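**Q** I have a structure here, written as structure tokens, and I will follow up with some questions on it.
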Amino acid sequence: EFAMGSSTERSVFGVTKNPLDVTRSAGGSSGGSAAAVASGMAPWALGSDTGGSTRQPAAFCGAVAMKPTYGLISRWGLTEFASSLDTVSPITRDVTDSAMVLDAIAGRDRRDMTSVDSDGGYRDVLGRDVRGMKIGLMTGFDDCCQREQTEAVNSAAKVLAGLGADVELVTLPDTDAVLKTYLITNGHFCGFTHNGK
């Protein structure tokens with residue numbers, strides 16, 4: 001309901017519970033959609049993603065979400081927070097369902113001038129060889145993650161490299177500036193700064 005923050009605790013309907021553990025957050029701001037899918041109330045749901053608002057709750061609830069390329073899915077009817085970043089995103093139980101939903105909803109919509117044509121076929125690329133694919137792994141990400149998260153990401157990177165992907169470490173300049181730029185672009189005012197500075 002109207003994208004209720006990163007924990008989905010302030011909905012007019014009350015706190016969204018995480019179906020995997022009701023003492024934990026379902027994430028947000030599309031936590032209701034993620035909880036509905038993870039609990040089996042819906043086979044899939046839509047959320048809105050500006051800076052992680054479908055991917056974070058999906059991760060919290062054991063579901064799957066992705067941020068589609070801007071314009072791939074119509075934003076008609078979506079309340080905008082940061083127009084150039086907002087996307088509609090499917091939340092599903094697995095990657096196959098995600099590709100199936102994307103095949104159904106991607107494409108041009110006359111009601112959304114920013115929407116683009118889609119050739120579809122997203123299910124067809126599942127299981128395709130990753131050999132030669134270039135994957136950037138940000139250095140220093142482990143500074144803001146728990147040990148288990150860092151280990152999971154590094155383990156996935158090793159698997160992808162073992163399958164032939166080209167995994168490269170990428171250093172982003174001034175990550176503090178990245179966060180501040182995102183907050184300004186997203187139209188949020190934040191009373192705190194990154195790393196307590």
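Note on naming: chains are A, B, ... as they come in the structure tokens, residues start from 1 per chain, ligands start from 1 in the order shown.
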When you look at range 22-33 of chain A with a cut-off of 9 Å (counting only C-alpha atoms), what residues show up, excluding the ones that are within fewer than 5 positions of it in the same chain? I need them as a PyMOL selection string.

**A** chain A and resi 1-9+15-17+38+42+44-49+52-61+91

**Q** Under the rule of at most 12 Å, produce a per-residue listing of range 47-159 of chain A near range 165-182 of chain A: chain, number, name, the closest pair of atoms, and the distance in Å, as JSON lines, using only C-alpha atoms.

**A**
{"residue": "A:Thr50", "atom": "CA", "partner": "A:Tyr182", "partner_atom": "CA", "distance": 9.8}
{"residue": "A:Gly51", "atom": "CA", "partner": "A:Tyr182", "partner_atom": "CA", "distance": 8.1}
{"residue": "A:Gly52", "atom": "CA", "partner": "A:Tyr182", "partner_atom": "CA", "distance": 11.6}
{"residue": "A:Phe81", "atom": "CA", "partner": "A:Tyr182", "partner_atom": "CA", "distance": 11.9}
{"residue": "A:Ala82", "atom": "CA", "partner": "A:Tyr182", "partner_atom": "CA", "distance": 9.8}
{"residue": "A:Ser84", "atom": "CA", "partner": "A:Tyr182", "partner_atom": "CA", "distance": 11.5}
{"residue": "A:Leu85", "atom": "CA", "partner": "A:Tyr182", "partner_atom": "CA", "distance": 9.7}
{"residue": "A:Arg128", "atom": "CA", "partner": "A:Ala165", "partner_atom": "CA", "distance": 11.9}
{"residue": "A:Asp129", "atom": "CA", "partner": "A:Ala165", "partner_atom": "CA", "distance": 8.9}
{"residue": "A:Val130", "atom": "CA", "partner": "A:Ala165", "partner_atom": "CA", "distance": 5.5}
{"residue": "A:Arg131", "atom": "CA", "partner": "A:Ala165", "partner_atom": "CA", "distance": 4.8}
{"residue": "A:Gly132", "atom": "CA", "partner": "A:Ala165", "partner_atom": "CA", "distance": 5.1}
{"residue": "A:Met133", "atom": "CA", "partner": "A:Ala165", "partner_atom": "CA", "distance": 4.9}
{"residue": "A:Lys134", "atom": "CA", "partner": "A:Asp166", "partner_atom": "CA", "distance": 4.8}
{"residue": "A:Ile135", "atom": "CA", "partner": "A:Val167", "partner_atom": "CA", "distance": 4.8}
{"residue": "A:Gly136", "atom": "CA", "partner": "A:Glu168", "partner_atom": "CA", "distance": 5.1}
{"residue": "A:Leu137", "atom": "CA", "partner": "A:Leu169", "partner_atom": "CA", "distance": 4.8}
{"residue": "A:Met138", "atom": "CA", "partner": "A:Val170", "partner_atom": "CA", "distance": 4.8}
{"residue": "A:Thr139", "atom": "CA", "partner": "A:Thr171", "partner_atom": "CA", "distance": 5.4}
{"residue": "A:Gly140", "atom": "CA", "partner": "A:Thr171", "partner_atom": "CA", "distance": 7.9}
{"residue": "A:Phe141", "atom": "CA", "partner": "A:Thr171", "partner_atom": "CA", "distance": 9.8}
{"residue": "A:Asp143", "atom": "CA", "partner": "A:Thr175", "partner_atom": "CA", "distance": 11.6}
{"residue": "A:Cys144", "atom": "CA", "partner": "A:Thr175", "partner_atom": "CA", "distance": 11.6}
{"residue": "A:Val153", "atom": "CA", "partner": "A:Val167", "partner_atom": "CA", "distance": 11.9}
{"residue": "A:Asn154", "atom": "CA", "partner": "A:Val167", "partner_atom": "CA", "distance": 10.5}
{"residue": "A:Ser155", "atom": "CA", "partner": "A:Val167", "partner_atom": "CA", "distance": 11.9}
{"residue": "A:Ala156", "atom": "CA", "partner": "A:Val167", "partner_atom": "CA", "distance": 10.4}
{"residue": "A:Ala157", "atom": "CA", "partner": "A:Val167", "partner_atom": "CA", "distance": 6.8}
{"residue": "A:Lys158", "atom": "CA", "partner": "A:Val167", "partner_atom": "CA", "distance": 8.3}
{"residue": "A:Val159", "atom": "CA", "partner": "A:Ala165", "partner_atom": "CA", "distance": 8.9}

**Q** Tell me which protein, DNA and RNA residues are within 10 Å of Arg108 in chain A, counting only C-alpha atoms, leaving out same-chain ones fewer than 2 positions away, and put them as a VMD selection string.

**A** chain A and resid 71 to 74 105 to 106 110 to 118

**Q** Take the residues that were just selected and, keeping C-alpha atoms, output them as an mmCIF file, in the first residue's frame.

**A**
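Written file, selection-v9.cif:
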data_model
loop_
_atom_site.group_PDB
_atom_site.id
_atom_site.type_symbol
_atom_site.label_atom_id
_atom_site.label_comp_id
_atom_site.auth_asym_id
_atom_site.auth_seq_id
_atom_site.Cartn_x
_atom_site.Cartn_y
_atom_site.Cartn_z
ATOM 1 C CA GLY A 71 10.683 1.118 -19.811
ATOM 2 C CA LEU A 72 10.506 -2.658 -20.295
ATOM 3 C CA ILE A 73 7.348 -2.882 -18.156
ATOM 4 C CA SER A 74 4.682 -0.183 -18.332
ATOM 5 C CA ILE A 105 3.848 -8.076 -19.075
ATOM 6 C CA ALA A 106 6.896 -6.634 -20.877
ATOM 7 C CA ARG A 110 0.310 3.379 -25.333
ATOM 8 C CA ARG A 111 -0.508 4.787 -21.861
ATOM 9 C CA ASP A 112 3.203 5.004 -20.910
ATOM 10 C CA MET A 113 5.359 7.044 -23.292
ATOM 11 C CA THR A 114 8.553 5.679 -21.700
ATOM 12 C CA SER A 115 7.660 2.046 -22.407
ATOM 13 C CA VAL A 116 9.570 0.146 -25.085
ATOM 14 C CA ASP A 117 8.938 -2.841 -27.324
ATOM 15 C CA SER A 118 9.957 -6.266 -26.104
#

**Q** Measuring between only C-alpha atoms, which one of A:Pro19, A:Gly164, A:Pro90, A:Pro43 shows the shortest distance to Gly62 in chain A?

**A** A:Pro19

**Q** Among the residues of range 62-101 of chain A, find those DSSP assigns to alpha helix (DSSP H) from the backbone and print them as a list in words.

**A**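 Selecting the alpha helix (DSSP H) positions of range 62-101 of chain A gives Val95, Thr96, Asp97, Ser98, Ala99, Met100 and Val101 of chain A.
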
**Q** Between CA of Leu102 in chain A and CA of Thr69 in chain A, what is the distance, to one decimal in Å?

**A**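 Those two atoms sit 11.3 Å apart.
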